[in-house]
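Colleague: This is structure_31.cif (mmCIF, C-alpha atoms).
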```cif
data_input
#
loop_
_atom_site.group_PDB
_atom_site.id
_atom_site.type_symbol
_atom_site.label_atom_id
_atom_site.label_comp_id
_atom_site.auth_asym_id
_atom_site.auth_seq_id
_atom_site.Cartn_x
_atom_site.Cartn_y
_atom_site.Cartn_z
ATOM 1 C CA MET A 19 -28.460 -4.140 43.200
ATOM 2 C CA ARG A 20 -25.411 -2.885 41.330
ATOM 3 C CA SER A 21 -26.293 -0.664 38.410
ATOM 4 C CA ASN A 22 -25.027 -1.757 35.001
ATOM 5 C CA VAL A 23 -24.948 1.825 33.772
ATOM 6 C CA GLU A 24 -21.462 3.251 33.834
ATOM 7 C CA HIS A 25 -21.036 6.594 35.539
ATOM 8 C CA THR A 26 -20.265 9.462 33.205
ATOM 9 C CA THR A 27 -17.182 11.331 34.315
ATOM 10 C CA PRO A 28 -15.734 14.604 33.015
ATOM 11 C CA TYR A 29 -12.724 12.649 31.762
ATOM 12 C CA LYS A 30 -14.911 10.414 29.571
ATOM 13 C CA VAL A 31 -16.869 13.375 28.219
ATOM 14 C CA ILE A 32 -13.705 15.272 27.314
ATOM 15 C CA SER A 33 -12.196 12.128 25.735
ATOM 16 C CA VAL A 34 -15.254 11.547 23.550
ATOM 17 C CA ILE A 35 -15.311 15.185 22.454
ATOM 18 C CA LEU A 36 -11.613 15.107 21.531
ATOM 19 C CA ILE A 37 -12.041 11.849 19.611
ATOM 20 C CA ILE A 38 -14.981 13.293 17.648
ATOM 21 C CA ILE A 39 -13.004 16.438 16.816
ATOM 22 C CA LEU A 40 -9.986 14.403 15.649
ATOM 23 C CA ALA A 41 -12.212 12.107 13.586
ATOM 24 C CA ILE A 42 -13.762 15.105 11.837
ATOM 25 C CA LEU A 43 -10.350 16.644 11.166
ATOM 26 C CA PHE A 44 -8.983 13.403 9.684
ATOM 27 C CA ALA A 45 -12.125 12.725 7.610
ATOM 28 C CA PHE A 46 -12.478 16.267 6.277
ATOM 29 C CA PRO A 47 -9.771 15.988 3.536
ATOM 30 C CA LEU A 48 -11.478 12.883 2.145
ATOM 31 C CA TYR A 49 -14.846 14.665 2.225
ATOM 32 C CA TRP A 50 -13.346 17.698 0.481
ATOM 33 C CA ILE A 51 -11.798 15.546 -2.259
ATOM 34 C CA ILE A 52 -14.994 13.595 -2.917
ATOM 35 C CA THR A 53 -17.227 16.679 -3.043
ATOM 36 C CA GLY A 54 -14.636 18.622 -5.040
ATOM 37 C CA ALA A 55 -14.615 15.903 -7.695
ATOM 38 C CA PHE A 56 -18.250 16.759 -8.465
ATOM 39 C CA LYS A 57 -17.905 20.556 -8.404
ATOM 40 C CA THR A 58 -17.745 22.872 -11.386
ATOM 41 C CA PRO A 59 -14.426 24.641 -12.104
ATOM 42 C CA ALA A 60 -15.870 27.918 -10.850
ATOM 43 C CA ALA A 61 -16.960 26.329 -7.574
ATOM 44 C CA VAL A 62 -13.569 24.680 -7.069
ATOM 45 C CA MET A 63 -11.699 27.955 -7.620
ATOM 46 C CA ALA A 64 -14.184 30.163 -5.746
ATOM 47 C CA ALA A 65 -12.691 32.481 -3.133
ATOM 48 C CA GLU A 66 -15.444 31.525 -0.704
ATOM 49 C CA PRO A 67 -15.404 27.710 -0.488
ATOM 50 C CA GLU A 68 -18.560 25.698 -1.001
ATOM 51 C CA TRP A 69 -18.809 23.200 1.817
ATOM 52 C CA PHE A 70 -21.469 21.337 -0.150
ATOM 53 C CA PRO A 71 -21.712 21.515 -3.966
ATOM 54 C CA SER A 72 -24.560 23.713 -5.126
ATOM 55 C CA GLU A 73 -24.276 22.263 -8.628
ATOM 56 C CA TRP A 74 -23.196 18.659 -9.182
ATOM 57 C CA THR A 75 -21.287 17.792 -12.356
ATOM 58 C CA LEU A 76 -19.481 14.791 -13.863
ATOM 59 C CA ARG A 77 -17.239 16.975 -16.015
ATOM 60 C CA ASN A 78 -14.099 16.155 -14.026
ATOM 61 C CA PHE A 79 -14.617 12.408 -14.437
ATOM 62 C CA GLU A 80 -15.421 12.844 -18.136
ATOM 63 C CA THR A 81 -12.103 14.648 -18.585
ATOM 64 C CA LEU A 82 -10.332 11.976 -16.558
ATOM 65 C CA PHE A 83 -11.686 9.141 -18.726
ATOM 66 C CA SER A 84 -11.555 10.813 -22.142
ATOM 67 C CA LYS A 85 -7.971 11.909 -22.675
ATOM 68 C CA ARG A 86 -6.198 8.646 -23.565
ATOM 69 C CA SER A 87 -6.876 4.985 -24.175
ATOM 70 C CA ALA A 88 -4.814 1.890 -23.426
ATOM 71 C CA PRO A 89 -5.258 -1.899 -23.216
ATOM 72 C CA LEU A 90 -6.943 -3.073 -20.037
ATOM 73 C CA TRP A 91 -3.974 -5.260 -19.135
ATOM 74 C CA GLU A 92 -0.380 -5.277 -20.357
ATOM 75 C CA LEU A 93 2.293 -6.741 -18.106
ATOM 76 C CA ALA A 94 5.973 -7.284 -18.776
ATOM 77 C CA ILE A 95 7.186 -10.818 -18.074
ATOM 78 C CA PRO A 96 10.251 -10.348 -15.822
ATOM 79 C CA PHE A 97 13.631 -11.626 -17.081
ATOM 80 C CA SER A 98 12.089 -12.676 -20.426
ATOM 81 C CA ASP A 99 14.649 -10.595 -22.361
ATOM 82 C CA HIS A 100 17.039 -13.556 -22.151
ATOM 83 C CA PHE A 101 14.665 -15.704 -24.216
ATOM 84 C CA THR A 102 13.427 -13.250 -26.882
ATOM 85 C CA GLU A 103 15.082 -12.696 -30.247
ATOM 86 C CA THR A 104 15.182 -8.918 -29.860
ATOM 87 C CA GLY A 105 16.591 -9.041 -26.341
ATOM 88 C CA LYS A 106 13.652 -7.040 -24.995
ATOM 89 C CA LEU A 107 11.084 -7.978 -22.394
ATOM 90 C CA ALA A 108 8.046 -9.910 -23.577
ATOM 91 C CA TYR A 109 4.659 -8.388 -22.735
ATOM 92 C CA PHE A 110 1.435 -10.108 -21.880
ATOM 93 C CA SER A 111 -1.464 -7.998 -23.155
ATOM 94 C CA VAL A 112 -5.169 -8.726 -22.936
ATOM 95 C CA GLY A 113 -8.485 -6.890 -22.909
ATOM 96 C CA PRO A 114 -10.150 -4.126 -24.930
ATOM 97 C CA LYS A 115 -9.073 -0.520 -25.190
ATOM 98 C CA LEU A 116 -10.245 1.460 -22.175
ATOM 99 C CA PRO A 117 -9.623 4.958 -20.799
ATOM 100 C CA ALA A 118 -6.032 5.282 -19.676
ATOM 101 C CA ALA A 119 -7.138 6.286 -16.170
ATOM 102 C CA LEU A 120 -8.673 2.851 -15.655
ATOM 103 C CA ARG A 121 -5.486 1.238 -16.967
ATOM 104 C CA TRP A 122 -3.431 3.318 -14.535
ATOM 105 C CA LEU A 123 -5.733 2.260 -11.716
ATOM 106 C CA VAL A 124 -5.299 -1.409 -12.697
ATOM 107 C CA ASN A 125 -1.513 -0.911 -12.764
ATOM 108 C CA THR A 126 -1.540 0.640 -9.301
ATOM 109 C CA VAL A 127 -3.777 -2.042 -7.801
ATOM 110 C CA PHE A 128 -1.623 -4.796 -9.307
ATOM 111 C CA MET A 129 1.582 -3.166 -8.064
ATOM 112 C CA ALA A 130 0.248 -2.644 -4.538
ATOM 113 C CA VAL A 131 -1.352 -6.092 -4.220
ATOM 114 C CA VAL A 132 1.673 -8.012 -5.537
ATOM 115 C CA ALA A 133 4.046 -5.958 -3.373
ATOM 116 C CA MET A 134 1.794 -6.581 -0.372
ATOM 117 C CA LEU A 135 1.669 -10.359 -0.912
ATOM 118 C CA LEU A 136 5.399 -10.729 -1.570
ATOM 119 C CA THR A 137 6.375 -8.471 1.321
ATOM 120 C CA CYS A 138 4.095 -10.221 3.817
ATOM 121 C CA GLY A 139 5.344 -13.648 2.723
ATOM 122 C CA THR A 140 9.056 -12.864 2.779
ATOM 123 C CA ALA A 141 8.873 -10.726 5.929
ATOM 124 C CA ALA A 142 6.935 -13.418 7.809
ATOM 125 C CA MET A 143 9.496 -16.085 6.937
ATOM 126 C CA ALA A 144 12.463 -13.826 7.650
ATOM 127 C CA GLY A 145 10.998 -12.612 10.930
ATOM 128 C CA TYR A 146 10.303 -16.171 12.056
ATOM 129 C CA ALA A 147 13.860 -17.243 11.200
ATOM 130 C CA LEU A 148 15.401 -14.301 13.049
ATOM 131 C CA ALA A 149 13.192 -14.863 16.101
ATOM 132 C CA LYS A 150 13.283 -18.647 16.494
ATOM 133 C CA LYS A 151 16.344 -19.922 14.659
ATOM 134 C CA ARG A 152 19.858 -19.822 16.006
ATOM 135 C CA PHE A 153 22.606 -19.306 13.430
ATOM 136 C CA ILE A 154 25.912 -17.476 13.152
ATOM 137 C CA GLY A 155 25.518 -13.764 12.454
ATOM 138 C CA ARG A 156 21.851 -13.596 13.435
ATOM 139 C CA GLY A 157 22.352 -10.572 15.699
ATOM 140 C CA ILE A 158 24.503 -8.761 13.132
ATOM 141 C CA LEU A 159 21.961 -9.416 10.390
ATOM 142 C CA PHE A 160 19.105 -8.072 12.496
ATOM 143 C CA SER A 161 21.175 -5.011 13.409
ATOM 144 C CA LEU A 162 21.758 -4.315 9.717
ATOM 145 C CA ILE A 163 18.020 -4.590 9.073
ATOM 146 C CA VAL A 164 17.300 -2.097 11.856
ATOM 147 C CA CYS A 165 19.932 0.270 10.464
ATOM 148 C CA ALA A 166 18.436 -0.053 6.976
ATOM 149 C CA MET A 167 15.145 1.290 8.349
ATOM 150 C CA ALA A 168 16.874 4.636 8.892
ATOM 151 C CA LEU A 169 18.077 4.933 5.272
ATOM 152 C CA PRO A 170 15.950 7.188 3.048
ATOM 153 C CA LYS A 171 15.151 5.907 -0.426
ATOM 154 C CA GLN A 172 17.101 8.728 -2.020
ATOM 155 C CA VAL A 173 20.319 7.231 -0.631
ATOM 156 C CA ILE A 174 19.821 3.870 -2.372
ATOM 157 C CA LEU A 175 18.191 5.268 -5.518
ATOM 158 C CA LEU A 176 21.271 4.972 -7.759
ATOM 159 C CA PRO A 177 22.039 1.349 -6.787
ATOM 160 C CA LEU A 178 18.372 0.457 -7.328
ATOM 161 C CA LEU A 179 18.357 2.071 -10.767
ATOM 162 C CA ARG A 180 21.508 0.201 -11.805
ATOM 163 C CA GLU A 181 20.134 -3.057 -10.431
ATOM 164 C CA MET A 182 16.796 -2.739 -12.257
ATOM 165 C CA SER A 183 18.657 -1.802 -15.444
ATOM 166 C CA ALA A 184 20.963 -4.836 -15.116
ATOM 167 C CA LEU A 185 17.930 -7.097 -14.652
ATOM 168 C CA GLY A 186 16.204 -5.574 -17.685
ATOM 169 C CA LEU A 187 13.221 -4.383 -15.638
ATOM 170 C CA THR A 188 13.494 -0.658 -16.343
ATOM 171 C CA ASP A 189 10.157 1.071 -16.997
ATOM 172 C CA THR A 190 8.099 -1.903 -15.832
ATOM 173 C CA LEU A 191 5.910 -2.326 -12.762
ATOM 174 C CA TRP A 192 8.392 -4.904 -11.452
ATOM 175 C CA SER A 193 10.986 -2.145 -11.025
ATOM 176 C CA VAL A 194 8.665 -0.598 -8.427
ATOM 177 C CA ILE A 195 7.501 -3.870 -6.858
ATOM 178 C CA PHE A 196 10.819 -5.629 -6.166
ATOM 179 C CA PRO A 197 12.446 -2.783 -4.137
ATOM 180 C CA ILE A 198 9.403 -2.725 -1.826
ATOM 181 C CA VAL A 199 9.569 -6.482 -1.149
ATOM 182 C CA GLY A 200 12.737 -6.115 0.911
ATOM 183 C CA TRP A 201 11.130 -3.618 3.306
ATOM 184 C CA PRO A 202 13.186 -3.728 6.545
ATOM 185 C CA PHE A 203 10.251 -2.562 8.655
ATOM 186 C CA GLY A 204 8.256 -5.629 7.608
ATOM 187 C CA VAL A 205 11.000 -7.995 8.798
ATOM 188 C CA PHE A 206 11.335 -6.058 12.056
ATOM 189 C CA LEU A 207 7.573 -6.168 12.690
ATOM 190 C CA MET A 208 7.261 -9.881 11.953
ATOM 191 C CA LYS A 209 10.232 -10.704 14.177
ATOM 192 C CA GLN A 210 8.557 -8.971 17.098
ATOM 193 C CA PHE A 211 5.401 -11.012 16.590
ATOM 194 C CA ALA A 212 7.300 -14.263 16.112
ATOM 195 C CA GLU A 213 9.124 -13.696 19.394
ATOM 196 C CA GLY A 214 5.847 -14.363 21.186
ATOM 197 C CA ILE A 215 5.459 -17.898 19.786
ATOM 198 C CA PRO A 216 6.099 -20.440 22.581
ATOM 199 C CA GLY A 217 9.019 -22.720 21.798
ATOM 200 C CA GLU A 218 7.086 -25.674 23.222
ATOM 201 C CA ILE A 219 4.541 -25.459 20.402
ATOM 202 C CA LEU A 220 7.276 -25.549 17.758
ATOM 203 C CA GLU A 221 8.961 -28.457 19.506
ATOM 204 C CA ALA A 222 5.660 -30.359 19.629
ATOM 205 C CA ALA A 223 5.209 -29.835 15.892
ATOM 206 C CA ARG A 224 8.679 -31.261 15.221
ATOM 207 C CA ILE A 225 7.958 -34.272 17.443
ATOM 208 C CA ASP A 226 4.792 -34.897 15.429
ATOM 209 C CA GLY A 227 6.950 -35.085 12.295
ATOM 210 C CA ALA A 228 6.178 -31.685 10.782
ATOM 211 C CA GLY A 229 8.913 -30.224 8.612
ATOM 212 C CA GLU A 230 9.913 -26.572 8.508
ATOM 213 C CA ILE A 231 7.455 -25.663 5.758
ATOM 214 C CA LYS A 232 4.514 -27.428 7.397
ATOM 215 C CA THR A 233 5.408 -25.974 10.800
ATOM 216 C CA PHE A 234 5.484 -22.468 9.375
ATOM 217 C CA ILE A 235 2.195 -22.835 7.479
ATOM 218 C CA THR A 236 0.152 -24.690 10.110
ATOM 219 C CA VAL A 237 1.641 -23.365 13.370
ATOM 220 C CA VAL A 238 3.617 -20.159 12.931
ATOM 221 C CA PHE A 239 1.559 -18.304 10.344
ATOM 222 C CA PRO A 240 -1.811 -18.597 12.167
ATOM 223 C CA MET A 241 -0.199 -17.229 15.323
ATOM 224 C CA ILE A 242 1.313 -14.198 13.597
ATOM 225 C CA LYS A 243 -1.694 -13.581 11.327
ATOM 226 C CA PRO A 244 -2.702 -10.335 13.139
ATOM 227 C CA GLY A 245 0.774 -8.958 12.512
ATOM 228 C CA VAL A 246 0.592 -10.015 8.868
ATOM 229 C CA GLY A 247 -2.748 -8.202 8.552
ATOM 230 C CA ALA A 248 -1.254 -5.025 9.967
ATOM 231 C CA LEU A 249 1.780 -5.345 7.696
ATOM 232 C CA ALA A 250 -0.517 -5.896 4.699
ATOM 233 C CA ILE A 251 -2.184 -2.527 5.280
ATOM 234 C CA PHE A 252 1.130 -0.764 5.867
ATOM 235 C CA THR A 253 2.677 -2.292 2.727
ATOM 236 C CA PHE A 254 -0.328 -1.603 0.509
ATOM 237 C CA ILE A 255 -0.478 2.050 1.519
ATOM 238 C CA ASN A 256 3.305 2.433 1.343
ATOM 239 C CA SER A 257 3.506 1.030 -2.188
ATOM 240 C CA TRP A 258 0.399 2.912 -3.327
ATOM 241 C CA ASN A 259 1.747 6.260 -2.124
ATOM 242 C CA ASP A 260 5.366 5.708 -3.180
ATOM 243 C CA TYR A 261 5.239 8.520 -5.715
ATOM 244 C CA PHE A 262 8.994 9.148 -5.695
ATOM 245 C CA MET A 263 9.983 5.648 -6.829
ATOM 246 C CA GLN A 264 7.161 5.536 -9.358
ATOM 247 C CA LEU A 265 8.276 8.856 -10.826
ATOM 248 C CA ILE A 266 11.868 7.641 -11.212
ATOM 249 C CA MET A 267 11.172 4.109 -12.471
ATOM 250 C CA LEU A 268 8.140 4.556 -14.750
ATOM 251 C CA THR A 269 7.953 6.665 -17.913
ATOM 252 C CA ASN A 270 5.888 4.692 -20.435
ATOM 253 C CA THR A 271 2.239 5.752 -20.606
ATOM 254 C CA ASN A 272 0.991 2.171 -20.346
ATOM 255 C CA THR A 273 2.994 1.492 -17.162
ATOM 256 C CA LEU A 274 2.059 4.629 -15.252
ATOM 257 C CA THR A 275 0.289 4.491 -11.925
ATOM 258 C CA ILE A 276 -2.828 6.538 -11.199
ATOM 259 C CA SER A 277 -0.900 9.268 -9.360
ATOM 260 C CA LEU A 278 1.673 9.645 -12.155
ATOM 261 C CA GLY A 279 -0.995 9.569 -14.845
ATOM 262 C CA ILE A 280 -3.021 12.292 -13.166
ATOM 263 C CA ALA A 281 0.133 14.382 -12.736
ATOM 264 C CA LYS A 282 0.899 14.099 -16.470
ATOM 265 C CA MET A 283 -2.684 14.968 -17.398
ATOM 266 C CA GLN A 284 -2.497 17.919 -15.025
ATOM 267 C CA GLY A 285 0.485 19.222 -16.978
ATOM 268 C CA GLU A 286 -1.541 19.054 -20.165
ATOM 269 C CA ASN A 287 -4.600 20.776 -18.687
ATOM 270 C CA ALA A 288 -2.918 23.583 -16.731
ATOM 271 C CA THR A 289 -4.169 23.760 -13.149
ATOM 272 C CA ASP A 290 -7.422 21.814 -13.055
ATOM 273 C CA TYR A 291 -8.097 21.105 -9.404
ATOM 274 C CA GLY A 292 -11.375 19.398 -10.195
ATOM 275 C CA LEU A 293 -9.482 16.869 -12.323
ATOM 276 C CA LEU A 294 -6.994 16.326 -9.511
ATOM 277 C CA MET A 295 -9.778 15.700 -7.019
ATOM 278 C CA ALA A 296 -11.526 13.282 -9.382
ATOM 279 C CA GLY A 297 -8.309 11.302 -9.762
ATOM 280 C CA ALA A 298 -7.672 11.378 -6.017
ATOM 281 C CA ALA A 299 -11.224 10.174 -5.312
ATOM 282 C CA LEU A 300 -10.763 7.320 -7.783
ATOM 283 C CA ALA A 301 -7.414 6.393 -6.249
ATOM 284 C CA ALA A 302 -8.829 6.413 -2.708
ATOM 285 C CA ILE A 303 -11.378 3.653 -3.381
ATOM 286 C CA PRO A 304 -8.947 0.662 -3.333
ATOM 287 C CA ILE A 305 -7.183 1.936 -0.200
ATOM 288 C CA ILE A 306 -10.478 2.240 1.661
ATOM 289 C CA CYS A 307 -11.503 -1.264 0.532
ATOM 290 C CA VAL A 308 -8.205 -2.795 1.682
ATOM 291 C CA PHE A 309 -8.383 -1.085 5.050
ATOM 292 C CA LEU A 310 -11.957 -2.272 5.616
ATOM 293 C CA ALA A 311 -10.988 -5.814 4.601
ATOM 294 C CA PHE A 312 -7.997 -5.978 6.969
ATOM 295 C CA GLN A 313 -9.339 -3.715 9.716
ATOM 296 C CA LYS A 314 -9.962 -6.595 12.119
ATOM 297 C CA TYR A 315 -6.423 -7.939 11.774
ATOM 298 C CA PHE A 316 -4.960 -4.439 11.890
ATOM 299 C CA THR A 317 -6.706 -3.594 15.176
ATOM 300 C CA LYS A 318 -5.839 -6.963 16.679
ATOM 301 C CA GLY A 319 -2.230 -6.639 15.547
ATOM 302 C CA ILE A 320 -1.829 -3.217 17.138
ATOM 303 C CA THR A 321 -3.434 -4.507 20.361
ATOM 304 C CA MET A 322 -1.157 -7.557 20.508
ATOM 305 C CA GLY A 323 1.852 -5.355 19.914
ATOM 306 C CA ALA A 324 0.879 -3.093 22.805
ATOM 307 C CA VAL A 325 -0.128 -5.726 25.367
ATOM 308 C CA LYS A 326 2.179 -8.493 26.495
ATOM 309 C CA GLY A 327 1.236 -11.674 28.343
#
```
Represent the structure of the file as structure tokens.
Modeller:
Amino acid sequence: MRSNVEHTTPYKVISVILIIILAILFAFPLYWIITGAFKTPAAVMAAEPEWFPSEWTLRNFETLFSKRSAPLWELAIPFSDHFTETGKLAYFSVGPKLPAALRWLVNTVFMAVVAMLLTCGTAAMAGYALAKKRFIGRGILFSLIVCAMALPKQVILLPLLREMSALGLTDTLWSVIFPIVGWPFGVFLMKQFAEGIPGEILEAARIDGAGEIKTFITVVFPMIKPGVGALAIFTFINSWNDYFMQLIMLTNTNTLTISLGIAKMQGENATDYGLLMAGAALAAIPIICVFLAFQKYFTKGITMGAVKG
């Protein structure tokens, strides 16, 4: 009888040990931030680090939530300056006054979620068109997209600033969202996934009378869903951590993101590392939730991208 127990080899043992060590190394910064958020200032600044807090405190979170207040929700309506008497953007405001840190967190979540949805939608459609449609200049267009992936944001910063100013979106969350939507990497990733769609399936959908929109929604999108899930995680994290663009585009207190808000509070409170860790721990919660929600699609998307056939 063949044994169902797999033989343990030195290679497997070494692999497991290396994986455990790497997992600990990658998880340690998150552990240090979370525990540091509950440490006293003396413990945070101690020469000999405390690996586990000897005294737990909520002082850092009290400081984080007590400095400023702002409406729960206040969003500029894009392009509304053309319809207002003053020529300024109209704002939609709702909710009670809450600590500014919560408002900054709401701003960041809204920015990341909207950028994620718009990027995934536009990239999926563009990738499908570049992979399965034949039109003049398709190769040149895709080459330009690939070249754009090599451009750092600093190179296109001035044109983006002038464009957002011309559209009247300066100092609004939309000035951070719209530049992310045209992410070249998203189009490149979706094109690679769309390349694997059999042409026979698309032809069968057309024979059945399905138009382009119905074909994309009912046939194409379900087949590239793993890639969309992976792109959703990439886009969410990219927009969440895009500190440079947020720093340039946002100045108003009510439009700040959580990272900018904590940085401004840090300037007011000298070097308070406990406050920084409390803000970082608060900001890490949505990212962890998004990754757990899309983990299945992310893993499947990476696997499909690595294995062909």
Colleague: Could you name the residues that touch Asn78 in chain A at 9 Å or less, counting only C-alpha atoms, but leaving out those on the same chain fewer than 6 positions away, as a PyMOL selection string?
Modeller: chain A and resi 55-59+290+292-297
Colleague: Could you write out that same residue set with C-alpha atoms as a PDB file, in the coordinates of the input?
Modeller:
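Resulting contents of again_10.pdb:
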```
ATOM      1  CA  ALA A  55     -14.615  15.903  -7.695  1.00  0.00           C
ATOM      2  CA  PHE A  56     -18.250  16.759  -8.465  1.00  0.00           C
ATOM      3  CA  LYS A  57     -17.905  20.556  -8.404  1.00  0.00           C
ATOM      4  CA  THR A  58     -17.745  22.872 -11.386  1.00  0.00           C
ATOM      5  CA  PRO A  59     -14.426  24.641 -12.104  1.00  0.00           C
ATOM      6  CA  ASP A 290      -7.422  21.814 -13.055  1.00  0.00           C
ATOM      7  CA  GLY A 292     -11.375  19.398 -10.195  1.00  0.00           C
ATOM      8  CA  LEU A 293      -9.482  16.869 -12.323  1.00  0.00           C
ATOM      9  CA  LEU A 294      -6.994  16.326  -9.511  1.00  0.00           C
ATOM     10  CA  MET A 295      -9.778  15.700  -7.019  1.00  0.00           C
ATOM     11  CA  ALA A 296     -11.526  13.282  -9.382  1.00  0.00           C
ATOM     12  CA  GLY A 297      -8.309  11.302  -9.762  1.00  0.00           C
TER      13      GLY A 297
END
```
Colleague: At what distance in Å, to one decimal, does CA of Leu176 in chain A lie from CA of Ser98 in chain A?
Modeller: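 We find that CA of Ser98 in chain A and CA of Leu176 in chain A lie 23.6 Å from each other.
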Colleague: For Pro216 in chain A, which residue out of A:Val237, A:Ala168, A:Leu120, A:Ala133 is the nearest one, using all atoms listed in the file?
Modeller: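 Nearest candidate to Pro216 in chain A out of A:Val237, A:Ala168, A:Leu120, A:Ala133: A:Val237.
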Colleague: Under the rule of at most 7 Å, produce a per-residue listing of range 123-231 of chain A near range 245-256 of chain A: chain, number, name, the closest pair of atoms, and the distance in Å, as a tab-separated table, using all atoms listed in the file.
Modeller:
```
residue	atom	partner	partner_atom	distance
A:Ala130	CA	A:Phe254	CA	5.2
A:Val131	CA	A:Phe254	CA	6.6
A:Met134	CA	A:Thr253	CA	5.4
A:Cys138	CA	A:Val246	CA	6.2
A:Gly204	CA	A:Leu249	CA	6.5
A:Met208	CA	A:Gly245	CA	6.6
A:Phe211	CA	A:Gly245	CA	6.5
```
Colleague: Selected residues, C-alpha atoms, written as a compact mmCIF listing (two decimals), in the coordinates of the input, please.
Modeller:
```txt
# COMPACT_ATOMS: atom_id res chain seq x y z
CA ALA A 130 0.25 -2.64 -4.54
CA VAL A 131 -1.35 -6.09 -4.22
CA MET A 134 1.79 -6.58 -0.37
CA CYS A 138 4.10 -10.22 3.82
CA GLY A 204 8.26 -5.63 7.61
CA MET A 208 7.26 -9.88 11.95
CA PHE A 211 5.40 -11.01 16.59
```
Colleague: Kindly give the distance, in Å, that separates CA of Trp201 in chain A and CA of Ala166 in chain A, rounded to a single decimal.
Modeller: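 Separating CA of Trp201 in chain A from CA of Ala166 in chain A is a distance of 8.9 Å.
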Colleague: For the point (2.7, 1.0, -13.1) in the file's frame, write as a PyMOL selection string all residues with an atom no more than 10 Å away, counting only C-alpha atoms.
Modeller: chain A and resi 93+121-130+189-195+264-265+267-279
Colleague: Put those residues in a file: C-alpha atoms, as a PDB file, keeping the file's coordinate frame.
Modeller:
```pdb
ATOM      1  CA  LEU A  93       2.293  -6.741 -18.106  1.00  0.00           C
ATOM      2  CA  ARG A 121      -5.486   1.238 -16.967  1.00  0.00           C
ATOM      3  CA  TRP A 122      -3.431   3.318 -14.535  1.00  0.00           C
ATOM      4  CA  LEU A 123      -5.733   2.260 -11.716  1.00  0.00           C
ATOM      5  CA  VAL A 124      -5.299  -1.409 -12.697  1.00  0.00           C
ATOM      6  CA  ASN A 125      -1.513  -0.911 -12.764  1.00  0.00           C
ATOM      7  CA  THR A 126      -1.540   0.640  -9.301  1.00  0.00           C
ATOM      8  CA  VAL A 127      -3.777  -2.042  -7.801  1.00  0.00           C
ATOM      9  CA  PHE A 128      -1.623  -4.796  -9.307  1.00  0.00           C
ATOM     10  CA  MET A 129       1.582  -3.166  -8.064  1.00  0.00           C
ATOM     11  CA  ALA A 130       0.248  -2.644  -4.538  1.00  0.00           C
ATOM     12  CA  ASP A 189      10.157   1.071 -16.997  1.00  0.00           C
ATOM     13  CA  THR A 190       8.099  -1.903 -15.832  1.00  0.00           C
ATOM     14  CA  LEU A 191       5.910  -2.326 -12.762  1.00  0.00           C
ATOM     15  CA  TRP A 192       8.392  -4.904 -11.452  1.00  0.00           C
ATOM     16  CA  SER A 193      10.986  -2.145 -11.025  1.00  0.00           C
ATOM     17  CA  VAL A 194       8.665  -0.598  -8.427  1.00  0.00           C
ATOM     18  CA  ILE A 195       7.501  -3.870  -6.858  1.00  0.00           C
ATOM     19  CA  GLN A 264       7.161   5.536  -9.358  1.00  0.00           C
ATOM     20  CA  LEU A 265       8.276   8.856 -10.826  1.00  0.00           C
ATOM     21  CA  MET A 267      11.172   4.109 -12.471  1.00  0.00           C
ATOM     22  CA  LEU A 268       8.140   4.556 -14.750  1.00  0.00           C
ATOM     23  CA  THR A 269       7.953   6.665 -17.913  1.00  0.00           C
ATOM     24  CA  ASN A 270       5.888   4.692 -20.435  1.00  0.00           C
ATOM     25  CA  THR A 271       2.239   5.752 -20.606  1.00  0.00           C
ATOM     26  CA  ASN A 272       0.991   2.171 -20.346  1.00  0.00           C
ATOM     27  CA  THR A 273       2.994   1.492 -17.162  1.00  0.00           C
ATOM     28  CA  LEU A 274       2.059   4.629 -15.252  1.00  0.00           C
ATOM     29  CA  THR A 275       0.289   4.491 -11.925  1.00  0.00           C
ATOM     30  CA  ILE A 276      -2.828   6.538 -11.199  1.00  0.00           C
ATOM     31  CA  SER A 277      -0.900   9.268  -9.360  1.00  0.00           C
ATOM     32  CA  LEU A 278       1.673   9.645 -12.155  1.00  0.00           C
ATOM     33  CA  GLY A 279      -0.995   9.569 -14.845  1.00  0.00           C
TER      34      GLY A 279
END
```
Colleague: Given the choices A:Leu116, A:Ile198, A:Leu310, A:Leu185, which gets closest to Lys171 in chain A if the distance is worked out from all atoms listed in the file?
Modeller: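 Of all the options, A:Ile198 lies closest to Lys171 in chain A.
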Colleague: How far is it from CA of Ile231 in chain A to CA of Phe309 in chain A, in Å with one decimal?
Modeller: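 Taking CA of Ile231 in chain A and CA of Phe309 in chain A, their separation equals 29.2 Å.
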Colleague: Under the rule that all atoms listed in the file are counted, which of A:Ser84, A:Glu181, A:Ala60, A:Ile235 is the nearest residue to Lys115 in chain A?
Modeller: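 Looking only at the distances to Lys115 in chain A, the closest residue turns out to be A:Ser84.
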Colleague: Restricting the calculation to all atoms listed in the file: of A:Ile95, A:Ile52, A:Ala222, A:Ala281, which residue gets closest to Leu187 in chain A?
Modeller: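 Under the stated criterion, the closest residue is A:Ile95.
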Colleague: Which centre and which edge lengths, in Å to one decimal, describe the axis-aligned box that holds all listed atoms of range 127-141 of chain A after 6 Å is added on each side, as AutoDock Vina command-line options?
Modeller:
```
--center_x 2.6 --center_y -7.8 --center_z -1.7 --size_x 24.8 --size_y 23.6 --size_z 27.2
```
Colleague: In terms of the shortest atom-to-atom distance over only C-alpha atoms, which of A:Ala299, A:Ala65, A:Gly229, A:Ile306 is closest to Leu82 in chain A?
Modeller: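 Looking at the shortest contact to Leu82 in chain A, the residue is A:Ala299.
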Colleague: Leaving out Glu230 in chain A and any residue of its chain fewer than 4 positions from it, which residues lie within 12 Å of it when counting only C-alpha atoms, given as a PyMOL selection string?
Modeller: chain A and resi 143+146-147+150-151+220-221+223-226+234-239
